[in-house]
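Coordinates from upload-v9.txt are shown below (compact mmCIF, C-alpha atoms).
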```txt
# COMPACT_ATOMS: atom_id res chain seq x y z
CA MET A 1 93.62 -51.27 117.89
CA THR A 2 96.81 -53.12 117.16
CA VAL A 3 97.48 -56.81 117.51
CA ALA A 4 100.53 -58.93 118.00
CA ASP A 5 98.77 -62.02 116.70
CA VAL A 6 97.14 -62.22 113.31
CA SER A 7 94.06 -64.39 113.77
CA LEU A 8 92.35 -66.47 111.15
CA ASP A 9 89.50 -63.95 111.19
CA ARG A 10 91.90 -61.17 110.28
CA LEU A 11 93.37 -63.21 107.44
CA VAL A 12 89.85 -63.79 106.11
CA ASP A 13 89.25 -60.06 106.52
CA TRP A 14 92.41 -59.41 104.48
CA LEU A 15 91.04 -61.53 101.64
CA THR A 16 87.58 -60.00 101.90
CA ARG A 17 89.06 -56.50 101.70
CA PHE A 18 91.25 -57.52 98.77
CA ARG A 19 88.16 -58.82 96.99
CA ALA A 20 86.41 -55.51 97.65
CA LEU A 21 89.37 -53.48 96.36
CA VAL A 22 89.84 -55.43 93.13
CA THR A 23 86.08 -55.44 92.56
CA GLU A 24 85.74 -51.70 93.14
CA ASN A 25 88.77 -51.04 90.98
CA GLN A 26 88.00 -53.64 88.35
CA GLY A 27 87.51 -51.03 85.66
CA TYR A 28 90.69 -49.22 86.62
CA LEU A 29 92.81 -52.40 86.57
CA THR A 30 91.39 -53.40 83.22
CA GLU A 31 92.01 -49.90 81.88
CA LEU A 32 95.68 -50.18 82.93
CA ASP A 33 95.84 -53.60 81.32
CA SER A 34 94.23 -52.40 78.12
CA ALA A 35 97.08 -49.92 77.71
CA ILE A 36 99.85 -52.53 77.84
CA GLY A 37 98.24 -55.97 78.06
CA ASP A 38 95.15 -57.88 77.10
CA ALA A 39 92.60 -55.82 79.05
CA ASP A 40 91.48 -58.51 81.43
CA HIS A 41 93.36 -58.00 84.70
CA GLY A 42 90.47 -56.29 86.48
CA SER A 43 87.82 -58.77 85.42
CA ASN A 44 90.19 -61.69 86.05
CA MET A 45 91.07 -60.59 89.57
CA ALA A 46 87.47 -59.71 90.44
CA ARG A 47 86.24 -63.07 89.17
CA GLY A 48 89.02 -64.88 91.01
CA MET A 49 88.56 -63.12 94.35
CA ASN A 50 84.78 -63.44 94.16
CA ALA A 51 85.24 -67.18 93.66
CA VAL A 52 87.66 -67.23 96.61
CA ILE A 53 85.22 -65.55 98.99
CA ASP A 54 82.42 -67.85 97.79
CA LYS A 55 84.53 -70.93 98.50
CA LEU A 56 86.12 -69.94 101.80
CA GLY A 57 83.68 -71.70 104.12
CA GLU A 58 84.99 -71.85 107.66
CA PRO A 59 88.63 -72.86 107.50
CA GLN A 60 90.10 -73.99 110.81
CA THR A 61 93.79 -73.52 109.99
CA VAL A 62 95.94 -71.07 108.09
CA ASP A 63 97.18 -73.71 105.65
CA ALA A 64 93.62 -74.88 104.88
CA LEU A 65 92.52 -71.27 104.34
CA PHE A 66 95.30 -70.44 101.89
CA LYS A 67 95.10 -73.75 100.10
CA THR A 68 91.48 -72.95 99.24
CA VAL A 69 92.45 -69.43 98.21
CA GLY A 70 95.36 -70.55 96.02
CA MET A 71 93.59 -73.42 94.32
CA THR A 72 90.53 -71.29 93.63
CA LEU A 73 92.60 -68.50 92.06
CA VAL A 74 94.55 -70.96 89.96
CA SER A 75 91.39 -72.34 88.41
CA SER A 76 89.24 -69.23 88.16
CA VAL A 77 91.39 -66.21 87.27
CA GLY A 78 92.27 -67.34 83.74
CA GLY A 79 95.25 -65.05 83.16
CA ALA A 80 98.82 -65.19 84.38
CA SER A 81 97.80 -63.65 87.69
CA GLY A 82 95.98 -66.93 88.47
CA PRO A 83 99.09 -69.10 88.76
CA LEU A 84 101.06 -66.17 90.22
CA TYR A 85 98.67 -65.09 92.99
CA GLY A 86 97.69 -68.76 93.38
CA THR A 87 101.29 -69.74 94.03
CA PHE A 88 101.66 -66.79 96.40
CA PHE A 89 98.79 -67.89 98.63
CA LEU A 90 99.55 -71.62 98.42
CA ARG A 91 103.12 -70.98 99.63
CA ILE A 92 101.89 -68.83 102.51
CA GLY A 93 99.71 -71.76 103.58
CA THR A 94 102.36 -74.45 103.33
CA THR A 95 104.86 -72.26 105.15
CA ALA A 96 102.45 -71.39 107.96
CA GLY A 97 101.16 -74.94 108.44
CA ALA A 98 98.19 -76.08 110.51
CA VAL A 99 98.07 -73.15 112.89
CA ASP A 100 95.14 -70.88 113.74
CA SER A 101 97.05 -67.61 113.85
CA LEU A 102 100.28 -65.95 112.75
CA ASP A 103 102.62 -63.60 114.56
CA GLY A 104 104.91 -61.08 112.95
CA ALA A 105 107.65 -63.60 112.27
CA THR A 106 105.42 -66.30 110.79
CA LEU A 107 103.45 -63.74 108.77
CA SER A 108 106.71 -62.45 107.33
CA ALA A 109 108.00 -65.96 106.62
CA GLY A 110 104.77 -66.89 104.86
CA LEU A 111 104.65 -63.75 102.72
CA ARG A 112 108.33 -64.17 101.87
CA ALA A 113 107.77 -67.79 100.78
CA GLY A 114 104.81 -66.62 98.71
CA PHE A 115 106.96 -63.96 97.06
CA GLU A 116 109.67 -66.50 96.27
CA GLY A 117 106.97 -68.71 94.76
CA VAL A 118 105.86 -65.84 92.52
CA ILE A 119 109.43 -65.27 91.36
CA SER A 120 110.09 -68.92 90.67
CA ARG A 121 106.76 -69.29 88.83
CA GLY A 122 106.98 -66.13 86.72
CA LYS A 123 110.76 -65.83 86.42
CA ALA A 124 110.47 -62.07 86.76
CA GLU A 125 113.18 -59.94 88.30
CA PRO A 126 112.93 -56.54 89.95
CA GLY A 127 112.55 -53.89 87.28
CA ASP A 128 110.73 -56.13 84.80
CA LYS A 129 107.53 -54.09 85.35
CA THR A 130 105.56 -56.76 87.14
CA MET A 131 103.90 -57.43 90.50
CA VAL A 132 107.38 -58.27 91.79
CA ASP A 133 108.18 -54.54 91.73
CA ALA A 134 105.47 -53.85 94.31
CA MET A 135 105.74 -57.04 96.34
CA GLY A 136 109.50 -57.00 96.84
CA PRO A 137 109.68 -53.50 98.38
CA ALA A 138 106.56 -54.24 100.44
CA LEU A 139 108.11 -57.30 102.05
CA ASP A 140 111.41 -55.54 102.62
CA ALA A 141 109.54 -52.76 104.40
CA LEU A 142 107.49 -55.26 106.40
CA ASP A 143 110.64 -57.05 107.58
CA ALA A 144 112.43 -53.79 108.39
CA SER A 145 109.46 -52.62 110.43
CA LEU A 146 109.13 -55.90 112.32
CA GLY A 147 112.89 -55.92 112.85
CA SER A 148 112.72 -52.54 114.53
CA GLY A 149 110.14 -53.87 116.98
CA SER A 150 106.88 -52.81 115.34
CA ASP A 151 103.78 -54.97 115.59
CA PRO A 152 102.22 -56.63 112.52
CA ALA A 153 99.75 -53.77 112.07
CA ALA A 154 102.47 -51.15 111.79
CA ALA A 155 104.58 -53.44 109.64
CA ALA A 156 101.67 -54.02 107.27
CA ALA A 157 101.12 -50.26 107.03
CA ALA A 158 104.78 -49.83 106.13
CA ALA A 159 104.47 -52.60 103.57
CA PHE A 160 101.49 -50.85 101.95
CA GLU A 161 103.45 -47.59 101.72
CA ALA A 162 106.34 -49.39 100.04
CA ALA A 163 104.02 -51.30 97.71
CA GLN A 164 102.55 -48.01 96.48
CA ARG A 165 106.00 -46.59 95.83
CA GLY A 166 106.97 -49.79 94.03
CA ARG A 167 103.78 -49.64 91.97
CA ASP A 168 104.40 -46.01 91.03
CA ALA A 169 107.99 -46.81 90.08
CA THR A 170 106.76 -49.24 87.39
CA GLU A 171 105.37 -46.37 85.32
CA PRO A 172 108.54 -45.43 83.42
CA LEU A 173 109.76 -49.02 83.13
CA VAL A 174 109.88 -51.01 79.89
CA ALA A 175 108.16 -54.37 80.44
CA ARG A 176 110.32 -57.44 80.16
CA LYS A 177 107.79 -60.07 81.24
CA GLY A 178 104.23 -60.89 80.36
CA ARG A 179 102.01 -59.65 77.55
CA ALA A 180 103.25 -56.07 78.01
CA SER A 181 106.77 -57.12 77.01
CA TYR A 182 105.51 -57.54 73.42
CA LEU A 183 105.10 -53.76 73.34
CA GLY A 184 108.75 -53.06 74.15
CA GLU A 185 109.39 -49.33 74.60
CA ARG A 186 105.71 -48.54 74.18
CA SER A 187 105.02 -50.19 77.53
CA ALA A 188 106.80 -47.30 79.28
CA GLY A 189 104.60 -44.51 80.66
CA HIS A 190 101.95 -46.81 82.11
CA LEU A 191 101.54 -48.29 85.56
CA ASP A 192 101.85 -52.05 85.61
CA PRO A 193 98.44 -53.62 86.31
CA GLY A 194 99.95 -56.50 88.32
CA ALA A 195 101.96 -54.14 90.52
CA THR A 196 98.78 -52.12 90.99
CA SER A 197 96.72 -55.09 92.15
CA THR A 198 99.60 -56.07 94.44
CA ALA A 199 99.45 -52.61 96.03
CA PHE A 200 95.74 -53.30 96.68
CA LEU A 201 96.76 -56.61 98.26
CA PHE A 202 98.95 -54.78 100.78
CA GLN A 203 96.37 -52.04 101.27
CA ALA A 204 93.91 -54.78 102.23
CA LEU A 205 96.46 -56.33 104.59
CA ALA A 206 97.20 -53.00 106.25
CA GLU A 207 93.49 -52.31 106.71
CA ALA A 208 92.75 -55.80 108.02
CA LEU A 209 95.53 -55.66 110.60
CA ALA A 210 94.97 -52.03 111.62
CA MET B 1 101.84 -94.40 73.01
CA ILE B 2 102.63 -91.07 74.64
CA GLY B 3 99.76 -88.83 75.66
CA ILE B 4 99.35 -85.31 74.33
CA VAL B 5 97.93 -82.37 76.27
CA VAL B 6 97.02 -79.15 74.46
CA VAL B 7 96.82 -76.02 76.63
CA SER B 8 95.38 -72.86 75.13
CA HIS B 9 93.60 -69.69 76.15
CA SER B 10 90.95 -70.56 73.59
CA PRO B 11 89.05 -73.87 73.22
CA ALA B 12 88.45 -73.05 69.55
CA LEU B 13 92.18 -72.57 68.95
CA ALA B 14 93.08 -75.81 70.73
CA ASP B 15 90.42 -77.85 68.96
CA ALA B 16 91.45 -76.48 65.57
CA ALA B 17 95.13 -77.27 66.18
CA VAL B 18 94.22 -80.81 67.19
CA ALA B 19 91.98 -81.22 64.15
CA LEU B 20 94.80 -80.03 61.90
CA ALA B 21 97.15 -82.60 63.38
CA LEU B 22 94.63 -85.43 63.21
CA GLU B 23 94.27 -84.91 59.45
CA MET B 24 97.80 -86.27 59.23
CA VAL B 25 97.27 -89.31 61.41
CA ALA B 26 96.44 -92.45 59.49
CA GLY B 27 95.94 -95.03 62.23
CA ALA B 28 94.88 -94.74 65.81
CA PRO B 29 95.50 -91.29 67.26
CA PRO B 30 97.32 -90.98 70.57
CA PRO B 31 95.43 -90.10 73.74
CA ILE B 32 94.79 -86.34 73.48
CA ALA B 33 93.32 -84.03 76.09
CA VAL B 34 92.58 -80.35 75.66
CA ALA B 35 92.72 -77.92 78.58
CA ALA B 36 91.60 -74.61 77.15
CA GLY B 37 89.74 -71.57 78.38
CA ALA B 38 89.07 -70.60 81.96
CA GLY B 39 85.50 -71.89 82.04
CA GLU B 40 82.22 -70.16 81.27
CA GLY B 41 83.49 -68.86 77.96
CA VAL B 42 86.38 -66.96 79.55
CA ILE B 43 89.55 -66.74 77.48
CA GLY B 44 92.32 -67.98 79.74
CA THR B 45 93.91 -71.05 81.26
CA ASP B 46 93.27 -73.14 84.35
CA ALA B 47 96.10 -75.06 86.02
CA ILE B 48 93.68 -77.49 87.67
CA ALA B 49 92.15 -78.32 84.29
CA VAL B 50 95.65 -78.81 82.85
CA ALA B 51 96.52 -81.21 85.68
CA ALA B 52 93.30 -83.16 85.05
CA ALA B 53 94.12 -83.33 81.33
CA ILE B 54 97.59 -84.66 82.07
CA ASP B 55 96.20 -87.34 84.35
CA GLU B 56 93.57 -88.23 81.75
CA VAL B 57 96.11 -89.15 79.06
CA ALA B 58 98.95 -90.33 81.29
CA SER B 59 100.55 -93.71 80.70
CA PRO B 60 104.00 -95.12 81.41
CA ASP B 61 105.05 -93.82 77.98
CA GLY B 62 104.76 -90.27 79.30
CA VAL B 63 102.90 -87.09 78.46
CA LEU B 64 103.95 -84.21 76.21
CA VAL B 65 102.27 -80.85 76.88
CA PHE B 66 101.94 -78.03 74.35
CA MET B 67 101.01 -74.51 75.43
CA ASP B 68 100.13 -71.35 73.56
CA LEU B 69 101.44 -68.28 75.38
CA GLY B 70 101.66 -66.40 78.65
CA SER B 71 99.48 -67.87 81.34
CA ALA B 72 99.25 -71.14 79.42
CA VAL B 73 102.91 -71.69 80.22
CA LEU B 74 102.47 -70.67 83.86
CA SER B 75 99.37 -72.81 84.28
CA ALA B 76 101.08 -75.83 82.72
CA SER B 77 104.12 -75.52 84.95
CA MET B 78 101.87 -75.06 87.96
CA ALA B 79 99.77 -78.08 86.94
CA LEU B 80 102.79 -80.32 87.52
CA GLU B 81 102.28 -79.68 91.24
CA PHE B 82 98.72 -81.01 91.08
CA THR B 83 98.96 -84.11 88.89
CA ALA B 84 98.33 -87.56 90.34
CA THR B 85 100.25 -89.54 87.73
CA ASP B 86 103.79 -90.87 88.17
CA ALA B 87 104.36 -90.74 84.41
CA GLU B 88 107.05 -88.47 83.04
CA VAL B 89 105.52 -85.19 81.88
CA ARG B 90 107.36 -82.75 79.64
CA LEU B 91 106.36 -79.21 78.77
CA SER B 92 107.31 -78.52 75.17
CA ASP B 93 108.91 -75.23 74.18
CA ALA B 94 107.68 -75.72 70.62
CA PRO B 95 105.60 -73.06 68.87
CA PHE B 96 101.98 -74.03 69.44
CA VAL B 97 100.66 -75.19 66.08
CA GLU B 98 103.87 -76.83 64.89
CA GLY B 99 104.30 -78.50 68.25
CA VAL B 100 100.78 -79.89 68.40
CA VAL B 101 101.07 -81.24 64.86
CA ALA B 102 104.51 -82.79 65.38
CA GLY B 103 103.59 -84.17 68.79
CA ILE B 104 100.35 -85.83 67.72
CA VAL B 105 101.73 -87.21 64.45
CA LEU B 106 104.84 -88.57 66.15
CA ALA B 107 102.93 -89.98 69.09
CA ALA B 108 100.62 -91.79 66.67
CA ALA B 109 103.70 -93.17 64.92
CA GLY B 110 104.93 -94.59 68.22
CA ALA B 111 107.69 -92.12 68.96
CA SER B 112 109.14 -92.01 72.47
CA LEU B 113 108.55 -89.03 74.70
CA ALA B 114 112.16 -87.90 74.27
CA ASP B 115 112.03 -88.18 70.47
CA ALA B 116 108.68 -86.42 70.14
CA ALA B 117 109.79 -83.66 72.50
CA ARG B 118 113.04 -83.10 70.64
CA GLU B 119 111.37 -83.07 67.25
CA ALA B 120 108.68 -80.65 68.37
CA SER B 121 111.36 -78.37 69.78
CA SER B 122 113.07 -78.24 66.42
CA ALA B 123 109.96 -76.82 64.77
CA MET B 124 111.36 -73.32 64.57
CA THR B 125 114.52 -74.55 62.87
CA ALA B 126 112.48 -76.29 60.21
CA LYS B 127 110.33 -73.21 59.65
CA ASN B 128 113.38 -70.98 59.42
CA ALA B 129 114.93 -73.27 56.86
CA GLN B 130 111.72 -73.21 54.84
CA LEU B 131 111.82 -69.43 54.79
CA GLU B 132 115.57 -69.37 54.28
CA SER B 133 115.49 -66.54 56.79
CA ALA B 134 118.06 -67.79 59.22
CA PRO B 135 121.08 -70.01 59.19
CA PRO B 136 120.00 -73.50 60.27
CA ALA B 137 120.98 -73.90 63.88
CA ASP B 138 121.18 -77.66 64.00
CA PRO B 139 124.35 -78.94 62.33
CA GLN B 140 122.57 -82.22 61.61
CA THR B 141 119.98 -80.30 59.65
CA ALA B 142 122.48 -77.96 58.07
CA ALA B 143 125.49 -79.94 57.03
CA PRO B 144 125.25 -81.78 53.75
CA VAL B 145 126.61 -85.30 53.99
CA VAL B 146 130.26 -85.22 53.10
CA ASP B 147 130.87 -87.64 50.25
CA GLY B 148 133.58 -89.63 51.96
CA SER B 149 131.43 -90.34 54.98
CA VAL B 150 128.48 -91.81 53.14
CA THR B 151 128.33 -95.52 53.71
CA ALA B 152 125.10 -96.21 51.87
CA GLU B 153 123.18 -94.43 49.15
CA ALA B 154 120.15 -95.14 47.02
CA GLU B 155 117.65 -93.36 44.80
CA ALA B 156 113.91 -93.72 44.56
CA THR B 157 111.12 -91.75 42.96
CA ILE B 158 108.05 -90.66 44.89
CA VAL B 159 105.05 -92.39 43.34
CA ASN B 160 102.14 -91.67 45.67
CA ASP B 161 99.86 -88.80 44.71
CA VAL B 162 100.37 -86.45 47.63
CA GLY B 163 104.11 -87.00 47.99
CA LEU B 164 106.19 -87.10 51.13
CA HIS B 165 103.62 -85.41 53.38
CA ALA B 166 103.15 -85.73 57.11
CA ARG B 167 101.88 -89.27 57.30
CA PRO B 168 104.72 -90.98 55.39
CA ALA B 169 107.18 -88.62 57.05
CA SER B 170 105.98 -89.71 60.47
CA VAL B 171 106.35 -93.37 59.49
CA ILE B 172 109.90 -92.73 58.28
CA VAL B 173 110.81 -90.79 61.40
CA ALA B 174 109.48 -93.51 63.68
CA LYS B 175 111.32 -96.24 61.75
CA MET B 176 114.61 -94.34 61.72
CA ALA B 177 114.69 -94.48 65.50
CA GLU B 178 115.23 -98.25 65.18
CA PHE B 179 118.46 -97.87 63.20
CA ASP B 180 121.91 -96.88 64.37
CA ALA B 181 122.38 -94.63 61.37
CA ARG B 182 122.09 -91.02 60.28
CA VAL B 183 120.05 -90.88 57.13
CA ARG B 184 119.34 -87.87 54.95
CA ILE B 185 116.73 -87.52 52.27
CA ALA B 186 117.42 -85.07 49.44
CA ASP B 187 115.90 -84.04 46.16
CA ALA B 188 118.33 -85.71 43.73
CA ASP B 189 117.85 -82.88 41.23
CA ASP B 190 118.31 -80.15 43.83
CA PRO B 191 120.52 -81.44 46.64
CA THR B 192 120.11 -78.19 48.59
CA ARG B 193 116.65 -79.51 49.42
CA SER B 194 117.64 -82.02 52.02
CA ALA B 195 116.63 -83.04 55.53
CA PRO B 196 117.45 -85.65 58.15
CA ALA B 197 115.14 -88.65 57.80
CA GLY B 198 114.65 -88.49 61.55
CA SER B 199 113.14 -85.02 61.54
CA LEU B 200 109.40 -84.88 60.85
CA LEU B 201 109.11 -81.13 60.46
CA ALA B 202 112.22 -80.84 58.33
CA LEU B 203 111.00 -83.60 56.01
CA MET B 204 107.56 -82.04 55.73
CA GLY B 205 109.19 -78.68 55.14
CA LEU B 206 110.86 -79.97 51.99
CA GLY B 207 107.49 -80.35 50.32
CA LEU B 208 108.64 -83.24 48.16
CA GLY B 209 105.87 -84.07 45.72
CA LYS B 210 104.96 -86.90 43.38
CA GLY B 211 107.61 -87.59 40.76
CA THR B 212 110.47 -86.19 42.81
CA ARG B 213 113.60 -88.32 42.58
CA LEU B 214 115.02 -88.79 46.08
CA ARG B 215 118.61 -89.39 47.00
CA ILE B 216 118.78 -91.25 50.27
CA SER B 217 122.15 -91.35 51.97
CA GLY B 218 123.29 -92.65 55.29
CA THR B 219 126.19 -93.09 57.64
CA GLY B 220 126.67 -95.40 60.57
CA PRO B 221 126.55 -99.14 61.27
CA ASP B 222 122.96 -99.65 60.11
CA ALA B 223 123.18 -97.22 57.19
CA ALA B 224 122.67 -99.84 54.48
CA ALA B 225 119.54 -101.29 56.07
CA ALA B 226 118.10 -97.87 56.88
CA VAL B 227 118.68 -96.47 53.39
CA GLU B 228 117.23 -99.57 51.79
CA TRP B 229 114.15 -99.32 54.01
CA VAL B 230 113.51 -95.72 52.93
CA ARG B 231 114.15 -96.59 49.28
CA ALA B 232 111.74 -99.54 49.32
CA MET B 233 109.14 -97.53 51.23
CA THR B 234 109.34 -94.67 48.74
CA ALA B 235 109.15 -96.96 45.72
CA ASP B 236 106.11 -98.59 47.32
CA GLY B 237 104.29 -95.25 47.60
CA TYR B 238 104.60 -95.25 51.38
CA GLY B 239 101.85 -97.81 51.54
CA GLU B 240 99.24 -95.35 50.28
```
Once more with this new file: its structure as structure tokens, please.
Amino acid sequence: MTVADVSLDRLVDWLTRFRALVTENQGYLTELDSAIGDADHGSNMARGMNAVIDKLGEPQTVDALFKTVGMTLVSSVGGASGPLYGTFFLRIGTTAGAVDSLDGATLSAGLRAGFEGVISRGKAEPGDKTMVDAMGPALDALDASLGSGSDPAAAAAAAFEAAQRGRDATEPLVARKGRASYLGERSAGHLDPGATSTAFLFQALAEALA
Amino acid sequence: MIGIVVVSHSPALADAAVALALEMVAGAPPPIAVAAGAGEGVIGTDAIAVAAAIDEVASPDGVLVFMDLGSAVLSASMALEFTATDAEVRLSDAPFVEGVVAGIVLAAAGASLADAAREASSAMTAKNAQLESAPPADPQTAAPVVDGSVTAEAEATIVNDVGLHARPASVIVAKMAEFDARVRIADADDPTRSAPAGSLLALMGLGLGKGTRLRISGTGPDAAAAVEWVRAMTADGYGE
């Protein structure tokens, strides 16, 4: 089934699936982070998304939903991904406003505002070996797909494909932001944990909208 | 008095840095709030807790925030979106321990937010100079006073037991802000050991001990009064 409108239920499903993915892959994310960071990305994201799902309640609007998500991540993740993912979701909410569903255009606008929030918060650029390297290509693919007339489900699937390619492309990169940047050249040869969790974020979106 | 917020991944690290700074505060300490850890023993930072800490110590004099690394910086910058206070809040780029010490000591001495922030930011310069590892970046710190420009000069010997340590240095720094003068304090027997009287960390970095003969020199309209104040203060043992 495909949908033109992205309902509140589907957005909650997105978050629930993201929680499941980071929880199932908690060990894997932490293993990636132990290679080039401080070995807490998996546990941080699992703790944060578990707190999010616990706190969701029954939001009536998109902005209320994502405000809860963002504020909860900001105060429960602990690592840099807290303010970064927190900013991402908060910006989606403020951009969407008090509506009870999104269409392709408003979904894209919200995600784009979230992405810009991540960039302005973390000051990372493409190629710095961060979540930006997965999120940027994903949103470009989403917009291209919507622009060619696809529905949100197909666009989200395209975004997930691009996020995976972006994630994989972080492997040879030398980190220039975050804890991994302290390693310099030694950070090359490992997937970036943040880009990897961002690929899960778009996997969850693609599955929720499918 | 400005408020101080200390943001760290680790409550133990934050508390220890604050305790270190408070050893150098003689009178009433400034309002200090720690936002450290991500709750339940988790090492990390929490932007909501940082915002609450800022609001807790906020006053019209402003708030100076010190962060350790990584997410502490992100959480502090994010916290500015959640604070309730209208007070000016500055995030210091100072290295953590030096910044916390300078910020708390200067705040206790009555420094303005701008002065405390600037002094904390200069911490790396003072440390570099102490190690003689890098050319001093700040010309005010680096340049010896050119003879012709000195408008007032005096000498005094340090008489208190522990010398020109943080507490007297903070009193000098706070007082210097009242004068329209640039004053330097040097070891009279080794003039290469010299620092601006307005720089807490640079003064502390000199490590001037009991018995050291100081040469105090100044330029500017209030130079005579400022130099005399430092001379009298030194001769008096900094009130200790």
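Residues in contact with B:Ser8 at up to 6 Å, not including ones fewer than 5 positions away on its chain and judged by all atoms listed in the file, are Ala14, Ala36, Met67 and Asp68 of chain B.
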Please dump the current selection as a PDB file, in the coordinates of the input; keep C-alpha atoms.
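Listing of again23.pdb after writing:
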```pdb
ATOM      1  CA  ALA B  14      93.080 -75.810  70.730  1.00  0.00           C
ATOM      2  CA  ALA B  36      91.600 -74.610  77.150  1.00  0.00           C
ATOM      3  CA  MET B  67     101.010 -74.510  75.430  1.00  0.00           C
ATOM      4  CA  ASP B  68     100.130 -71.350  73.560  1.00  0.00           C
TER       5      ASP B  68
END
```
*For B:Glu40, which of A:Gly97, A:Gly178, A:Gly189, A:Gly78 is the closest residue, counting only C-alpha atoms?*
A:Gly78
Using 6 Å as the limit and counting all atoms listed in the file, can you tabulate each residue of chain A that touches chain B, with its shortest atom-to-atom distance in Å and the two atoms involved, as CSV?
```
residue,atom,partner,partner_atom,distance
A:Val74,CA,B:Ala47,CA,5.9
A:Ser75,CA,B:Asp46,CA,4.5
A:Gly78,CA,B:Gly44,CA,4.1
A:Gly79,CA,B:Gly44,CA,5.4
A:Ala80,CA,B:Ser71,CA,4.1
A:Pro83,CA,B:Ser75,CA,5.8
```
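Take atom CA of A:Leu29 and atom CA of A:Ile119: the distance between them is 21.6 Å.
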*Step by step: start from the point (108.4, -91.8, 65.4) in the file's coordinates, keep every protein, DNA or RNA residue that has an atom no farther than 8 Å from it, count all atoms listed in the file, and write the set as an MDAnalysis selection string.*
chainID B and resid 106:112 115:116 170:177
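We find atom CA of A:Val62 and atom CA of A:Asp133 to be spaced 26.3 Å apart.
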*Can you work out which one of A:Thr16, A:Thr198, A:Thr130, A:Thr94 has the shortest atom-to-atom distance to A:Ala180, counting only C-alpha atoms?*
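Closest candidate: A:Thr130.
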*Tell me which protein, DNA and RNA residues are within 9 Å of A:Ala105, counting only C-alpha atoms, leaving out same-chain ones fewer than 2 positions away, and put them as a VMD selection string.*
chain A and resid 102 to 103 107 to 110 143 146 152
Mind checking which residues fall within 8 Å of stretch 22-27 of chain A, counting all atoms listed in the file, ignoring those fewer than 6 positions away in the same chain, and posting them as a JSON list (two decimals) with C-alpha atoms, keeping the file's coordinate frame?
```json
[["chain", "number", "residue", "atom", "x", "y", "z"],
["A", 41, "HIS", "CA", 93.36, -58.00, 84.70],
["A", 42, "GLY", "CA", 90.47, -56.29, 86.48],
["A", 43, "SER", "CA", 87.82, -58.77, 85.42],
["A", 45, "MET", "CA", 91.07, -60.59, 89.57],
["A", 46, "ALA", "CA", 87.47, -59.71, 90.44],
["A", 49, "MET", "CA", 88.56, -63.12, 94.35],
["A", 197, "SER", "CA", 96.72, -55.09, 92.15],
["A", 200, "PHE", "CA", 95.74, -53.30, 96.68]]
```
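With atom CA of A:Thr30 on one side and atom CA of A:Lys67 on the other, the separation reads 26.7 Å.
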_Neighbour list for B:Ala87 as an MDAnalysis selection string, cut-off 8 Å, only C-alpha atoms, skip fewer than 4 positions in-chain_ = chainID B and resid 58:63
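Distances from A:Asp9, A:Pro193, A:Glu185, A:Asp100 to A:Asp168 were compared using all atoms listed in the file, and the smallest one belongs to A:Pro193.
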_Residue contacts of stretch 205-213 of chain B (8 Å, only C-alpha atoms) excluding same-chain residues fewer than 2 positions away, as a PyMOL selection string_ = chain B and resi 126-127+130+155-165+187-189+193-195+201-203+215
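Minimum atom-to-atom distance to B:Glu153, evaluated using all atoms listed in the file, belongs to B:Ala186 out of B:Ala186, B:Leu200, B:Ala102, B:Ala94.
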*Hey, which of B:Leu13, B:Ile4, B:Leu131, B:Leu22 ends up closest to B:Ser92? Count all atoms listed in the file.*
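Closest residue, counting all atoms listed in the file: B:Ile4.
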_Using all atoms listed in the file, list the residues that have an atom at most 6 Å from (89.5, -53.3, 102.1), coordinates as in the file, as a PyMOL selection string._
chain A and resi 17-18+20-21+204
*Check the smallest atom-to-atom distance from each of B:Gly41, B:Val25, B:Leu91, B:Ser217 to A:Ser76 using only C-alpha atoms, then report the winner.*
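Closest candidate: B:Gly41.
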